[in-house]
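Text of the file final.cif, holding mmCIF, C-alpha atoms and all ligand atoms:
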```
data_run
loop_
_atom_site.group_PDB
_atom_site.id
_atom_site.type_symbol
_atom_site.label_atom_id
_atom_site.label_comp_id
_atom_site.auth_asym_id
_atom_site.auth_seq_id
_atom_site.Cartn_x
_atom_site.Cartn_y
_atom_site.Cartn_z
ATOM 1 C CA MET A 150 14.082 9.494 -9.372
ATOM 2 C CA ARG A 151 14.206 8.533 -5.687
ATOM 3 C CA SER A 152 15.438 5.051 -4.974
ATOM 4 C CA ALA A 153 14.202 2.101 -2.872
ATOM 5 C CA ASN A 154 10.676 1.133 -3.953
ATOM 6 C CA LEU A 155 10.670 3.739 -6.717
ATOM 7 C CA ASP A 156 13.642 2.555 -8.791
ATOM 8 C CA GLU A 157 12.490 2.637 -12.408
ATOM 9 C CA ARG A 158 15.278 0.211 -13.368
ATOM 10 C CA ARG A 159 13.587 -2.429 -11.249
ATOM 11 C CA TRP A 160 9.865 -1.643 -11.434
ATOM 12 C CA THR A 161 7.770 -0.727 -14.414
ATOM 13 C CA ASP A 162 6.091 2.663 -13.889
ATOM 14 C CA PRO A 163 7.079 2.585 -10.183
ATOM 15 C CA THR A 164 4.886 5.454 -8.979
ATOM 16 C CA LYS A 165 1.728 3.794 -10.298
ATOM 17 C CA LEU A 166 -0.391 2.019 -7.686
ATOM 18 C CA ASP A 167 -0.890 -1.434 -9.212
ATOM 19 C CA ILE A 168 -2.273 -4.010 -6.793
ATOM 20 C CA ARG A 169 -1.658 -6.755 -9.372
ATOM 21 C CA ARG A 170 1.991 -5.858 -9.890
ATOM 22 C CA ALA A 171 3.981 -9.072 -10.401
ATOM 23 C CA GLU A 172 7.400 -7.511 -9.770
ATOM 24 C CA GLY A 173 8.232 -8.184 -6.117
ATOM 25 C CA GLY A 174 11.226 -7.482 -3.917
ATOM 26 C CA HIS A 175 9.994 -4.178 -2.492
ATOM 27 C CA ALA A 176 11.213 -2.788 0.837
ATOM 28 C CA ALA A 177 7.884 -1.569 2.264
ATOM 29 C CA PHE A 178 8.395 -3.724 5.358
ATOM 30 C CA ALA A 179 12.155 -3.062 5.414
ATOM 31 C CA LEU A 180 14.831 -5.682 4.844
ATOM 32 C CA GLY A 181 17.289 -7.650 6.940
ATOM 33 C CA GLN A 182 17.299 -8.088 10.693
ATOM 34 C CA HIS A 183 14.949 -5.154 11.378
ATOM 35 C CA ARG A 184 12.331 -6.311 8.898
ATOM 36 C CA CYS A 185 8.853 -5.471 10.174
ATOM 37 C CA LEU A 186 7.646 -7.914 12.841
ATOM 38 C CA GLY A 187 4.032 -7.072 12.011
ATOM 39 C CA GLU A 188 4.255 -7.664 8.263
ATOM 40 C CA TRP A 189 1.835 -10.593 8.161
ATOM 41 C CA LEU A 190 -0.589 -8.940 10.584
ATOM 42 C CA GLY A 191 -0.485 -5.802 8.424
ATOM 43 C CA ARG A 192 -1.115 -7.838 5.264
ATOM 44 C CA GLN A 193 -4.053 -9.637 6.915
ATOM 45 C CA GLU A 194 -5.567 -6.354 8.150
ATOM 46 C CA VAL A 195 -5.539 -4.982 4.616
ATOM 47 C CA ALA A 196 -6.842 -8.217 3.044
ATOM 48 C CA ILE A 197 -9.671 -8.711 5.572
ATOM 49 C CA GLY A 198 -10.550 -5.010 5.807
ATOM 50 C CA THR A 199 -10.742 -4.634 2.025
ATOM 51 C CA ALA A 200 -12.813 -7.801 1.622
ATOM 52 C CA ARG A 201 -15.268 -6.638 4.322
ATOM 53 C CA LEU A 202 -15.518 -3.156 2.817
ATOM 54 C CA PHE A 203 -16.398 -4.489 -0.661
ATOM 55 C CA ALA A 204 -18.755 -7.090 0.819
ATOM 56 C CA ARG A 205 -20.765 -4.244 2.396
ATOM 57 C CA LEU A 206 -20.398 -1.767 -0.481
ATOM 58 C CA PRO A 207 -19.990 -3.869 -3.643
ATOM 59 C CA SER A 208 -20.462 -0.875 -5.948
ATOM 60 C CA LEU A 209 -17.792 1.225 -4.189
ATOM 61 C CA ARG A 210 -15.738 3.046 -6.810
ATOM 62 C CA LEU A 211 -13.767 6.205 -7.381
ATOM 63 C CA GLN A 212 -15.748 9.218 -8.511
ATOM 64 C CA PRO A 213 -15.461 9.329 -12.309
ATOM 65 C CA ASP A 214 -13.547 12.625 -12.364
ATOM 66 C CA GLU A 215 -11.263 11.688 -9.464
ATOM 67 C CA HIS A 216 -7.557 11.909 -10.211
ATOM 68 C CA VAL A 217 -5.572 10.165 -7.488
ATOM 69 C CA GLU A 218 -2.176 11.601 -6.520
ATOM 70 C CA LEU A 219 0.053 9.763 -4.067
ATOM 71 C CA TYR A 220 2.168 11.748 -1.623
ATOM 72 C CA GLY A 221 4.849 10.977 0.906
ATOM 73 C CA PHE A 222 8.150 9.178 0.898
ATOM 74 C CA GLU A 223 8.132 6.597 3.683
ATOM 75 C CA PHE A 224 4.353 6.152 3.728
ATOM 76 C CA ARG A 225 2.765 7.019 0.443
ATOM 77 C CA GLY A 226 -0.925 7.590 -0.024
ATOM 78 C CA PRO A 227 -3.569 10.008 -1.253
ATOM 79 C CA ARG A 228 -4.474 13.012 0.930
ATOM 80 C CA SER A 229 -8.115 12.381 0.113
ATOM 81 C CA LEU A 230 -10.091 9.918 -1.955
ATOM 82 C CA LYS A 231 -13.495 10.804 -3.392
ATOM 83 C CA VAL A 232 -15.617 7.707 -3.832
ATOM 84 C CA GLN A 233 -19.224 6.849 -4.518
ATOM 85 C CA TRP A 234 -21.515 3.836 -4.205
ATOM 86 C CA ASP A 235 -25.094 2.892 -4.948
ATOM 87 C CA VAL A 236 -27.609 2.512 -2.100
HETATM 88 C C1 LIG B 301 1.135 -1.950 6.400
HETATM 89 C C2 LIG B 301 1.584 -1.953 7.668
HETATM 90 C C3 LIG B 301 3.039 -1.842 8.065
HETATM 91 C C4 LIG B 301 4.120 -1.345 7.386
HETATM 92 C C5 LIG B 301 4.161 -0.743 5.978
HETATM 93 C C6 LIG B 301 5.276 -1.495 8.249
HETATM 94 C C7 LIG B 301 6.566 -1.121 7.924
HETATM 95 C C8 LIG B 301 7.669 -1.291 8.737
HETATM 96 C C9 LIG B 301 9.015 -0.854 8.418
HETATM 97 C C10 LIG B 301 9.442 -0.161 7.125
HETATM 98 C C11 LIG B 301 9.809 -1.190 9.465
HETATM 99 C C12 LIG B 301 11.326 -0.929 9.610
HETATM 100 C C13 LIG B 301 11.544 0.375 10.348
HETATM 101 C C14 LIG B 301 13.015 0.713 10.501
HETATM 102 O O1 LIG B 301 13.885 -0.170 10.399
HETATM 103 O O2 LIG B 301 13.315 1.891 10.749
HETATM 104 C C15 LIG B 301 8.984 -1.822 10.460
HETATM 105 C C16 LIG B 301 9.436 -2.304 11.671
HETATM 106 C C17 LIG B 301 8.633 -2.855 12.628
HETATM 107 N N1 LIG B 301 7.277 -3.060 12.563
HETATM 108 FE FE1 LIG B 301 6.093 -2.614 10.987
HETATM 109 N N2 LIG B 301 4.872 -2.075 9.434
HETATM 110 C C18 LIG B 301 3.519 -2.308 9.354
HETATM 111 C C19 LIG B 301 2.714 -2.888 10.320
HETATM 112 C C20 LIG B 301 3.161 -3.344 11.548
HETATM 113 C C21 LIG B 301 2.309 -3.959 12.552
HETATM 114 C C22 LIG B 301 0.804 -4.197 12.376
HETATM 115 C C23 LIG B 301 3.121 -4.243 13.609
HETATM 116 C C24 LIG B 301 2.791 -4.875 14.940
HETATM 117 C C25 LIG B 301 1.580 -5.240 15.333
HETATM 118 C C26 LIG B 301 4.472 -3.834 13.272
HETATM 119 C C27 LIG B 301 5.574 -3.975 14.073
HETATM 120 C C28 LIG B 301 6.862 -3.633 13.750
HETATM 121 C C29 LIG B 301 8.008 -3.790 14.643
HETATM 122 C C30 LIG B 301 7.979 -4.366 16.064
HETATM 123 C C31 LIG B 301 9.131 -3.313 13.931
HETATM 124 C C32 LIG B 301 10.589 -3.263 14.431
HETATM 125 C C33 LIG B 301 11.332 -4.514 13.956
HETATM 126 C C34 LIG B 301 12.803 -4.450 14.372
HETATM 127 O O3 LIG B 301 13.386 -3.368 14.415
HETATM 128 O O4 LIG B 301 13.370 -5.518 14.611
HETATM 129 N N3 LIG B 301 4.462 -3.284 12.004
HETATM 130 N N4 LIG B 301 7.677 -1.863 9.993
#
```

Mind converting the file's structure to structure tokens?
Ligand code: HEM
Amino acid sequence: MRSANLDERRWTDPTKLDIRRAEGGHAAFALGQHRCLGEWLGRQEVAIGTARLFARLPSLRLQPDEHVELYGFEFRGPRSLKVQWDV
């Protein structure tokens, strides 16, 4: 298994996207003297953007048959995400 944020000795099921994961200490914003200067702005953008999205589309959800695969090493994410919501 690749190391850094994917070390299975440190994180349970490390490739699983778990927004409630309690195990911290990840290196997504780097470590040491070159740690990301925009970390807290980035966190706020995600928190505010997500809250606004679900405020406008409260029923937003994955399509029932959607299987989400994450790709990439430095920046991991799905290539596409099929979702649905009620109007
Ligand atoms: C989720 C969003 C973000 C992630 C995951 C992220 C991640 C990172 C990582 C991993 C580094 C270290 C790069 C390296 O050492 O090669 C870094 C550096 C940096 N980031 Fe971010 N970043 C994010 C958002 C931002 C934002 C919004 C800003 C500014 C508005 C920003 C500004 C910087 C700067 C200036 C550095 C260089 C710090 C230095 O070398 O001293 N980042 N970021």

task: Quick one: apply the PyMOL selection byres (((not hetatm)) within 9 of (chain B and resi 301)) to the file and drop the selected residues here as a PyMOL selection string.
output: chain A and resi 176-192+194-195+223-224

task: Report the residues retrieved by the PyMOL selection byres (((chain A and resi 231) around 6) and not hetatm) from the displayed file, expressed as a PyMOL selection string.
output: chain A and resi 212+230+232

task: Using the chain letters and numbering of this document, enumerate as a ChimeraX atom specification the residues selected by the PyMOL selection byres (((chain A and resi 209) around 8) and not hetatm).
output: /A:203,206-208,210-211,232-235

- line: If you count only C-alpha atoms, the residue of A:Arg228, A:Gly173, A:Ala196, A:Glu215 closest to Thr161 in chain A turns out to be A:Gly173

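Coordinates place CA of Glu218 in chain A at a distance of 18.6 Å from CA of Trp160 in chain A.
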
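The gap separating CA of Asn154 in chain A from CA of Arg225 in chain A is 10.8 Å, in Å to one decimal.
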
Would you fill the gaps in range 152-185 of chain A so it has N, CA and C atoms, then print it as a short mmCIF file (atom, residue, chain, number, x, y, z; two decimals), keeping the file's coordinate frame?
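As written to disk, part_13.cif reads:
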```
data_model
loop_
_atom_site.label_atom_id
_atom_site.label_comp_id
_atom_site.auth_asym_id
_atom_site.auth_seq_id
_atom_site.Cartn_x
_atom_site.Cartn_y
_atom_site.Cartn_z
N SER A 152 15.08 6.46 -4.85
CA SER A 152 15.44 5.05 -4.97
C SER A 152 14.46 4.15 -4.21
N ALA A 153 14.99 3.09 -3.61
CA ALA A 153 14.20 2.10 -2.87
C ALA A 153 13.04 1.57 -3.72
N ASN A 154 11.81 1.74 -3.25
CA ASN A 154 10.68 1.13 -3.95
C ASN A 154 10.30 1.87 -5.23
N LEU A 155 11.03 2.93 -5.56
CA LEU A 155 10.67 3.74 -6.72
C LEU A 155 11.74 3.68 -7.81
N ASP A 156 12.56 2.66 -7.82
CA ASP A 156 13.64 2.56 -8.79
C ASP A 156 13.09 2.08 -10.13
N GLU A 157 13.09 2.97 -11.12
CA GLU A 157 12.49 2.64 -12.41
C GLU A 157 13.29 1.59 -13.18
N ARG A 158 14.52 1.30 -12.72
CA ARG A 158 15.28 0.21 -13.37
C ARG A 158 14.76 -1.14 -12.91
N ARG A 159 14.07 -1.17 -11.79
CA ARG A 159 13.59 -2.43 -11.25
C ARG A 159 12.09 -2.63 -11.44
N TRP A 160 11.32 -1.53 -11.34
CA TRP A 160 9.86 -1.64 -11.43
C TRP A 160 9.33 -0.83 -12.59
N THR A 161 8.42 -1.42 -13.33
CA THR A 161 7.77 -0.73 -14.41
C THR A 161 6.84 0.34 -13.84
N ASP A 162 6.97 1.58 -14.32
CA ASP A 162 6.09 2.66 -13.89
C ASP A 162 5.95 2.66 -12.35
N PRO A 163 7.07 2.84 -11.63
CA PRO A 163 7.08 2.58 -10.18
C PRO A 163 6.14 3.44 -9.34
N THR A 164 5.77 4.62 -9.80
CA THR A 164 4.89 5.45 -8.98
C THR A 164 3.42 5.08 -9.14
N LYS A 165 3.12 4.19 -10.07
CA LYS A 165 1.73 3.79 -10.30
C LYS A 165 1.30 2.76 -9.25
N LEU A 166 0.15 3.00 -8.62
CA LEU A 166 -0.39 2.02 -7.69
C LEU A 166 -1.01 0.89 -8.49
N ASP A 167 -0.42 -0.29 -8.43
CA ASP A 167 -0.89 -1.43 -9.21
C ASP A 167 -0.96 -2.63 -8.27
N ILE A 168 -2.16 -2.95 -7.79
CA ILE A 168 -2.27 -4.01 -6.79
C ILE A 168 -2.03 -5.38 -7.40
N ARG A 169 -1.95 -5.47 -8.73
CA ARG A 169 -1.66 -6.76 -9.37
C ARG A 169 -0.22 -6.82 -9.87
N ARG A 170 0.60 -5.90 -9.44
CA ARG A 170 1.99 -5.86 -9.89
C ARG A 170 2.68 -7.18 -9.58
N ALA A 171 3.31 -7.78 -10.59
CA ALA A 171 3.98 -9.07 -10.40
C ALA A 171 5.42 -8.90 -9.92
N GLU A 172 6.01 -7.73 -10.17
CA GLU A 172 7.40 -7.51 -9.77
C GLU A 172 7.46 -7.35 -8.25
N GLY A 173 8.16 -8.24 -7.58
CA GLY A 173 8.23 -8.18 -6.12
C GLY A 173 9.54 -7.57 -5.66
N GLY A 174 9.94 -7.92 -4.44
CA GLY A 174 11.23 -7.48 -3.92
C GLY A 174 11.23 -6.08 -3.35
N HIS A 175 10.04 -5.54 -3.02
CA HIS A 175 9.99 -4.18 -2.49
C HIS A 175 10.45 -4.14 -1.02
N ALA A 176 10.69 -2.95 -0.52
CA ALA A 176 11.21 -2.79 0.84
C ALA A 176 10.20 -2.11 1.75
N ALA A 177 8.90 -2.25 1.46
CA ALA A 177 7.88 -1.57 2.26
C ALA A 177 7.92 -2.00 3.72
N PHE A 178 8.32 -3.24 3.98
CA PHE A 178 8.40 -3.72 5.36
C PHE A 178 9.84 -3.81 5.82
N ALA A 179 10.71 -3.07 5.13
CA ALA A 179 12.16 -3.06 5.41
C ALA A 179 12.79 -4.41 5.05
N LEU A 180 14.08 -4.49 5.23
CA LEU A 180 14.83 -5.68 4.84
C LEU A 180 15.80 -6.03 5.97
N GLY A 181 16.25 -7.27 5.99
CA GLY A 181 17.29 -7.65 6.94
C GLY A 181 16.77 -7.86 8.35
N GLN A 182 17.64 -7.68 9.33
CA GLN A 182 17.30 -8.09 10.69
C GLN A 182 16.26 -7.20 11.35
N HIS A 183 16.00 -6.01 10.82
CA HIS A 183 14.95 -5.15 11.38
C HIS A 183 13.70 -5.16 10.52
N ARG A 184 13.55 -6.19 9.70
CA ARG A 184 12.33 -6.31 8.90
C ARG A 184 11.12 -6.29 9.83
N CYS A 185 10.06 -5.68 9.36
CA CYS A 185 8.85 -5.47 10.17
C CYS A 185 8.36 -6.77 10.82
#
```
